[in-house]
>>> print(open('target10.cif').read())   # mmCIF, C-alpha atoms
data_query
#
loop_
_atom_site.label_atom_id
_atom_site.label_comp_id
_atom_site.auth_asym_id
_atom_site.auth_seq_id
_atom_site.Cartn_x
_atom_site.Cartn_y
_atom_site.Cartn_z
CA MET Q 1 -7.13 57.20 128.35
CA ARG Q 2 -8.06 56.53 131.95
CA LYS Q 3 -6.33 53.50 133.38
CA PHE Q 4 -7.98 51.28 135.95
CA ALA Q 5 -7.37 48.15 137.92
CA LEU Q 6 -10.12 45.76 138.97
CA THR Q 7 -9.97 43.44 141.91
CA LEU Q 8 -11.73 40.12 141.37
CA THR Q 9 -14.59 41.23 143.63
CA GLY Q 10 -14.97 44.54 141.84
CA PHE Q 11 -14.81 42.86 138.43
CA LEU Q 12 -17.58 40.43 139.31
CA ALA Q 13 -19.72 43.22 140.73
CA LEU Q 14 -19.29 45.29 137.59
CA ALA Q 15 -20.23 42.39 135.32
CA MET Q 16 -23.24 41.35 137.38
CA ARG Q 17 -24.57 44.91 137.48
CA ALA Q 18 -24.46 45.01 133.67
CA VAL Q 19 -25.87 48.49 133.20
CA PRO Q 20 -27.05 48.83 129.58
CA GLY Q 21 -24.52 50.80 127.56
CA GLU Q 22 -21.75 50.44 130.14
CA PRO Q 23 -18.63 48.61 128.88
CA ILE Q 24 -17.97 45.37 130.74
CA LEU Q 25 -14.85 44.15 128.91
CA PRO Q 26 -11.78 45.67 130.58
CA ASN Q 27 -9.10 47.30 128.44
CA GLY Q 28 -10.92 46.90 125.16
CA ASP Q 29 -9.02 49.92 123.84
CA PHE Q 30 -5.69 48.17 124.63
CA GLU Q 31 -4.19 51.26 126.26
CA GLN Q 32 -3.47 49.63 129.62
CA ALA Q 33 -0.42 47.43 130.21
CA ASP Q 34 -0.50 44.47 132.57
CA PRO Q 35 1.21 45.71 135.77
CA ALA Q 36 3.06 42.41 136.13
CA TYR Q 37 4.00 42.07 132.44
CA PRO Q 38 4.60 45.47 130.78
CA ASN Q 39 4.76 43.96 127.27
CA LYS Q 40 1.27 42.45 127.59
CA PRO Q 41 -2.08 44.27 127.41
CA ALA Q 42 -3.96 44.03 130.70
CA HIS Q 43 -6.89 41.57 130.73
CA TRP Q 44 -5.79 39.88 127.47
CA ASP Q 45 -3.57 36.91 126.69
CA ALA Q 46 0.10 37.53 125.97
CA PRO Q 47 0.96 38.17 122.29
CA ASP Q 48 3.84 36.13 120.88
CA GLU Q 49 5.31 39.45 119.55
CA LEU Q 50 5.90 38.16 116.00
CA GLY Q 51 2.60 37.16 114.46
CA VAL Q 52 0.50 38.86 117.13
CA GLN Q 53 1.77 42.14 118.55
CA TRP Q 54 0.47 44.75 120.98
CA THR Q 55 1.82 47.96 119.50
CA THR Q 56 1.01 51.47 118.29
CA ALA Q 57 -1.37 51.55 115.34
CA PRO Q 58 -0.29 53.41 112.20
CA ASP Q 59 -1.59 56.94 111.62
CA LEU Q 60 -3.94 57.03 108.64
CA PRO Q 61 -4.71 60.14 106.58
CA GLY Q 62 -7.83 61.87 107.82
CA ALA Q 63 -8.33 59.50 110.74
CA PRO Q 64 -7.70 60.19 114.44
CA PRO Q 65 -4.83 58.30 116.10
CA HIS Q 66 -5.77 54.89 117.49
CA GLY Q 67 -2.99 54.56 120.05
CA LYS Q 68 -2.23 51.00 121.08
CA ALA Q 69 -3.94 48.18 119.16
CA ILE Q 70 -3.53 44.51 118.28
CA ARG Q 71 -1.57 43.79 115.09
CA MET Q 72 -1.75 40.38 113.39
CA ASP Q 73 0.53 39.42 110.50
CA THR Q 74 -0.77 36.25 108.89
CA SER Q 75 1.99 36.23 106.26
CA VAL Q 76 4.42 34.84 108.86
CA SER Q 77 5.25 31.19 108.15
CA GLU Q 78 4.04 28.29 110.29
CA LYS Q 79 7.65 27.43 111.18
CA ALA Q 80 8.39 30.99 112.31
CA MET Q 81 5.19 31.07 114.37
CA VAL Q 82 5.94 27.81 116.17
CA GLU Q 83 9.42 29.08 117.02
CA SER Q 84 7.94 32.37 118.24
CA TYR Q 85 5.39 30.53 120.40
CA ARG Q 86 8.22 28.51 121.96
CA LYS Q 87 10.26 31.62 122.74
CA ALA Q 88 7.22 33.34 124.25
CA GLY Q 89 6.31 30.31 126.39
CA LEU Q 90 2.95 29.89 124.64
CA ALA Q 91 3.02 26.11 124.54
CA GLN Q 92 -0.75 25.85 124.00
CA TRP Q 93 -0.36 27.19 120.45
CA ILE Q 94 2.49 24.94 119.32
CA PHE Q 95 1.39 22.44 116.67
CA PRO Q 96 3.27 19.54 115.03
CA HIS Q 97 4.93 19.53 111.61
CA PRO Q 98 4.86 23.28 110.81
CA ALA Q 99 5.30 24.16 107.14
CA ASP Q 100 7.10 26.94 105.31
CA SER Q 101 3.79 28.35 104.09
CA ALA Q 102 2.07 31.36 105.67
CA ILE Q 103 0.02 30.76 108.82
CA ALA Q 104 -2.90 32.30 106.92
CA GLU Q 105 -3.14 29.15 104.80
CA THR Q 106 -4.08 26.95 107.75
CA TYR Q 107 -4.44 28.16 111.35
CA GLY Q 108 -4.64 31.94 111.17
CA LEU Q 109 -3.78 34.02 114.26
CA SER Q 110 -5.81 34.76 117.36
CA LEU Q 111 -5.82 36.51 120.74
CA TYR Q 112 -8.21 35.92 123.66
CA SER Q 113 -9.53 38.25 126.32
CA GLU Q 114 -9.88 37.26 129.95
CA ALA Q 115 -13.13 35.56 130.93
CA VAL Q 116 -16.00 37.86 131.91
CA PRO Q 117 -18.99 36.65 133.97
CA VAL Q 118 -22.27 36.27 132.05
CA VAL Q 119 -25.53 37.69 133.38
CA PRO Q 120 -28.44 35.31 132.61
CA GLY Q 121 -31.01 36.59 130.15
CA LYS Q 122 -28.91 39.45 128.83
CA THR Q 123 -28.19 40.29 125.21
CA TYR Q 124 -24.61 41.35 124.56
CA ARG Q 125 -23.61 43.86 121.91
CA VAL Q 126 -19.99 43.87 120.76
CA THR Q 127 -18.52 46.71 118.70
CA PHE Q 128 -14.93 46.92 117.51
CA ASP Q 129 -12.66 48.58 114.96
CA TYR Q 130 -10.83 46.61 112.27
CA PHE Q 131 -8.25 47.70 109.71
CA SER Q 132 -6.65 45.51 107.05
CA GLU Q 133 -3.59 46.73 105.17
CA LYS Q 134 -4.03 44.39 102.16
CA GLY Q 135 -7.50 42.91 102.44
CA THR Q 136 -6.85 40.24 105.08
CA ALA Q 137 -10.15 38.98 106.49
CA GLY Q 138 -10.84 38.65 110.19
CA LYS Q 139 -13.44 37.54 112.69
CA LEU Q 140 -14.41 38.37 116.23
CA TRP Q 141 -15.63 35.37 118.22
CA PHE Q 142 -17.93 35.62 121.24
CA ARG Q 143 -17.35 32.34 123.08
CA ALA Q 144 -19.25 31.34 126.22
CA TYR Q 145 -18.46 28.59 128.70
CA ALA Q 146 -20.30 26.48 131.26
CA ASP Q 147 -19.65 23.67 133.71
CA VAL Q 148 -20.36 20.37 131.98
CA ASN Q 149 -19.96 17.32 134.22
CA GLY Q 150 -17.40 19.11 136.35
CA GLU Q 151 -15.39 20.55 133.42
CA LYS Q 152 -15.48 24.01 131.90
CA LYS Q 153 -16.47 23.66 128.24
CA ARG Q 154 -17.44 25.99 125.42
CA VAL Q 155 -21.19 25.66 124.87
CA TYR Q 156 -22.04 28.76 122.83
CA GLU Q 157 -20.30 30.89 120.23
CA GLY Q 158 -21.06 33.49 117.61
CA THR Q 159 -18.95 35.49 115.18
CA VAL Q 160 -18.68 38.83 113.45
CA ASP Q 161 -16.92 38.80 110.07
CA CYS Q 162 -14.73 41.80 109.33
CA GLY Q 163 -12.70 43.01 106.41
CA GLY Q 164 -11.94 45.98 104.20
CA THR Q 165 -8.74 47.62 103.05
CA GLY Q 166 -7.02 50.91 103.76
CA SER Q 167 -9.07 52.39 106.60
CA TRP Q 168 -10.51 51.61 110.01
CA ARG Q 169 -14.09 50.30 109.99
CA GLN Q 170 -16.40 49.60 112.91
CA PHE Q 171 -18.25 46.29 113.16
CA THR Q 172 -21.07 45.17 115.47
CA GLY Q 173 -22.52 41.85 116.61
CA LEU Q 174 -25.34 40.78 118.97
CA PHE Q 175 -25.19 37.65 121.14
CA HIS Q 176 -27.61 36.01 123.60
CA PRO Q 177 -25.53 33.26 125.27
CA THR Q 178 -28.08 32.10 127.86
CA ARG Q 179 -31.16 31.85 125.65
CA TYR Q 180 -30.61 28.14 124.98
CA ARG Q 181 -27.72 27.53 127.36
CA PRO Q 182 -28.94 28.84 130.74
CA ASN Q 183 -25.94 27.37 132.57
CA VAL Q 184 -23.45 29.62 130.75
CA ALA Q 185 -21.19 31.24 133.33
CA GLU Q 186 -18.65 33.34 131.42
CA PHE Q 187 -17.56 34.53 128.01
CA LYS Q 188 -14.33 35.43 126.23
CA ILE Q 189 -13.67 37.52 123.15
CA MET Q 190 -11.35 36.02 120.54
CA LEU Q 191 -9.81 38.19 117.83
CA PHE Q 192 -8.89 36.25 114.69
CA ALA Q 193 -7.23 37.11 111.35
CA TYR Q 194 -6.55 34.71 108.51
CA TYR Q 195 -6.66 34.96 104.69
CA PRO Q 196 -5.22 36.29 102.41
CA PRO Q 197 -1.81 36.63 104.12
CA GLY Q 198 -1.22 40.15 105.39
CA VAL Q 199 -1.47 42.55 108.31
CA ALA Q 200 -4.69 43.30 110.17
CA TRP Q 201 -5.43 45.43 113.24
CA PHE Q 202 -8.08 45.30 116.01
CA ASP Q 203 -8.94 48.10 118.42
CA ASN Q 204 -11.69 49.54 120.65
CA VAL Q 205 -13.45 46.28 121.51
CA LYS Q 206 -16.53 47.23 123.51
CA VAL Q 207 -18.94 44.75 125.11
CA GLU Q 208 -22.19 45.97 126.67
CA THR Q 209 -25.63 44.63 127.56
CA ILE Q 210 -28.72 45.91 125.75
CA ASP Q 211 -32.45 45.26 125.62
CA ASP Q 212 -32.79 43.27 122.39
CA ASP Q 213 -34.37 39.86 121.80
CA SER Q 214 -33.18 39.48 118.20
CA ALA Q 215 -29.70 38.20 119.04
CA PRO Q 216 -28.98 34.54 118.16
#
>>> encode(input="target10.cif", output="structure tokens")
Amino acid sequence: MRKFALTLTGFLALAMRAVPGEPILPNGDFEQADPAYPNKPAHWDAPDELGVQWTTAPDLPGAPPHGKAIRMDTSVSEKAMVESYRKAGLAQWIFPHPADSAIAETYGLSLYSEAVPVVPGKTYRVTFDYFSEKGTAGKLWFRAYADVNGEKKRVYEGTVDCGGTGSWRQFTGLFHPTRYRPNVAEFKIMLFAYYPPGVAWFDNVKVETIDDDSAP
């Protein structure tokens, strides 16, 4: 797939133009590596490489190859995850008193995109592919942020539940972040997998603006 690099100016211009149907979330197909960190997908947070991995998706009978995707294994124990976070330098995810039980039982696993500027008044449609090997449930979170008394805080969020076993399925959600929060400035996508313990995959995350007033 075509690779691209966006300067900050170009990224802002693309987001503010917000042509309906045009993807505005960079590297939603996970095919592009971060030029500075080859083991990290461009425009997404770094995976810890144990619970959350950026790797080649498995080939499924009768389905086209998915290439690179995000793999989450929620059967990994809390203790193993905390150790993996330490090794990866992801101090923000380290929590106290980890247990021997699977991370699915408590915290689940997640991965965030970079922040994307929000265009006031726009409805956002998010589509993505999800595949669970053993029925592990997931969610996609659309989280929007604004300046509140000089601090950036989350002021809006919505979710799309996802699940299913044995094959890739596409899911869709609609979001209108500035309808009741006109000061919203940016959004992030968070991918999340949790229970029951097992392996889940995310791919082809597409965010676009549409003309639709029914979004929450």
>>> resolve_selection(input="target10.cif", expression="the PyMOL selection byres ((chain Q and resi 68) around 10)", output="NGL selection string")
:Q and (29-33 or 41 or 54-58 or 65-67 or 69-71 or 202-204)
>>> atom_distance(input="target10.cif", atom1="atom CA of Q:Val116", atom2="atom CA of Q:Gly158")
15.8 Å
>>> residues_around(input="target10.cif", residues="stretch 94-109 of chain Q", least_positions_apart="2", cutoff="7 Å", atoms="all atoms listed in the file", output="JSON, numbers by chain")
{"Q": [72, 74, 75, 76, 77, 78, 79, 82, 85, 91, 92, 192, 193, 194, 195, 196, 197]}
>>> closest_residue(input="target10.cif", among="Q:Phe187, Q:Ala115, Q:Phe131, Q:Thr123", to="Q:Tyr145", atoms="all atoms listed in the file")
Q:Phe187
>>> residues_around(input="target10.cif", residues="Q:Asn27", least_positions_apart="6", cutoff="9 Å", atoms="only C-alpha atoms", output="PyMOL selection string")
chain Q and resi 3-4+33+41-44+204-206
>>> resolve_selection(input="target10.cif", expression="the PyMOL selection byres ((chain Q and resi 179) around 9)", output="MDAnalysis selection string")
chainID Q and resid 120:123 176:178 180:182 216
>>> resolve_selection(input="target10.cif", expression="the PyMOL selection byres ((chain Q and resi 130) around 10)", output="JSON, numbers by chain")
{"Q": [69, 70, 128, 129, 131, 132, 137, 138, 139, 140, 162, 163, 164, 165, 167, 168, 169, 170, 171, 200, 201, 202, 203, 204, 205]}
>>> residues_near_point(input="target10.cif", point="(-17.8, 30.4, 127.8)", cutoff="10 Å", atoms="all atoms listed in the file", output="JSON, numbers by chain")
{"Q": [115, 116, 117, 118, 142, 143, 144, 145, 146, 147, 152, 153, 154, 155, 156, 157, 177, 183, 184, 185, 186, 187, 188, 189]}
>>> closest_residue(input="target10.cif", among="Q:Val119, Q:Ala36, Q:Val160, Q:Val199", to="Q:Gly51", atoms="all atoms listed in the file")
Q:Val199
>>> closest_residue(input="target10.cif", among="Q:Gly89, Q:Glu83, Q:Tyr124, Q:Asn149", to="Q:Pro23", atoms="only C-alpha atoms")
Q:Tyr124
>>> atom_distance(input="target10.cif", atom1="atom CA of Q:Gln53", atom2="atom CA of Q:Gly166")
19.3 Å
>>> atom_distance(input="target10.cif", atom1="atom CA of Q:Arg125", atom2="atom CA of Q:Ile210")
6.7 Å
>>> axis_aligned_box(input="target10.cif", around="stretch 104-120 of chain Q", padding_each_side="6 Å", output="lines of an AutoDock Vina configuration file")
center_x = -15.7
center_y = 32.6
center_z = 119.4
size_x = 37.5
size_y = 23.3
size_z = 41.2
>>> closest_residue(input="target10.cif", among="Q:Pro38, Q:Asp211, Q:Gly198, Q:Gly150", to="Q:Leu174", atoms="all atoms listed in the file")
Q:Asp211
>>> closest_residue(input="target10.cif", among="Q:Thr127, Q:Thr209, Q:Thr172, Q:Ser214", to="Q:Glu22", atoms="all atoms listed in the file")
Q:Thr209
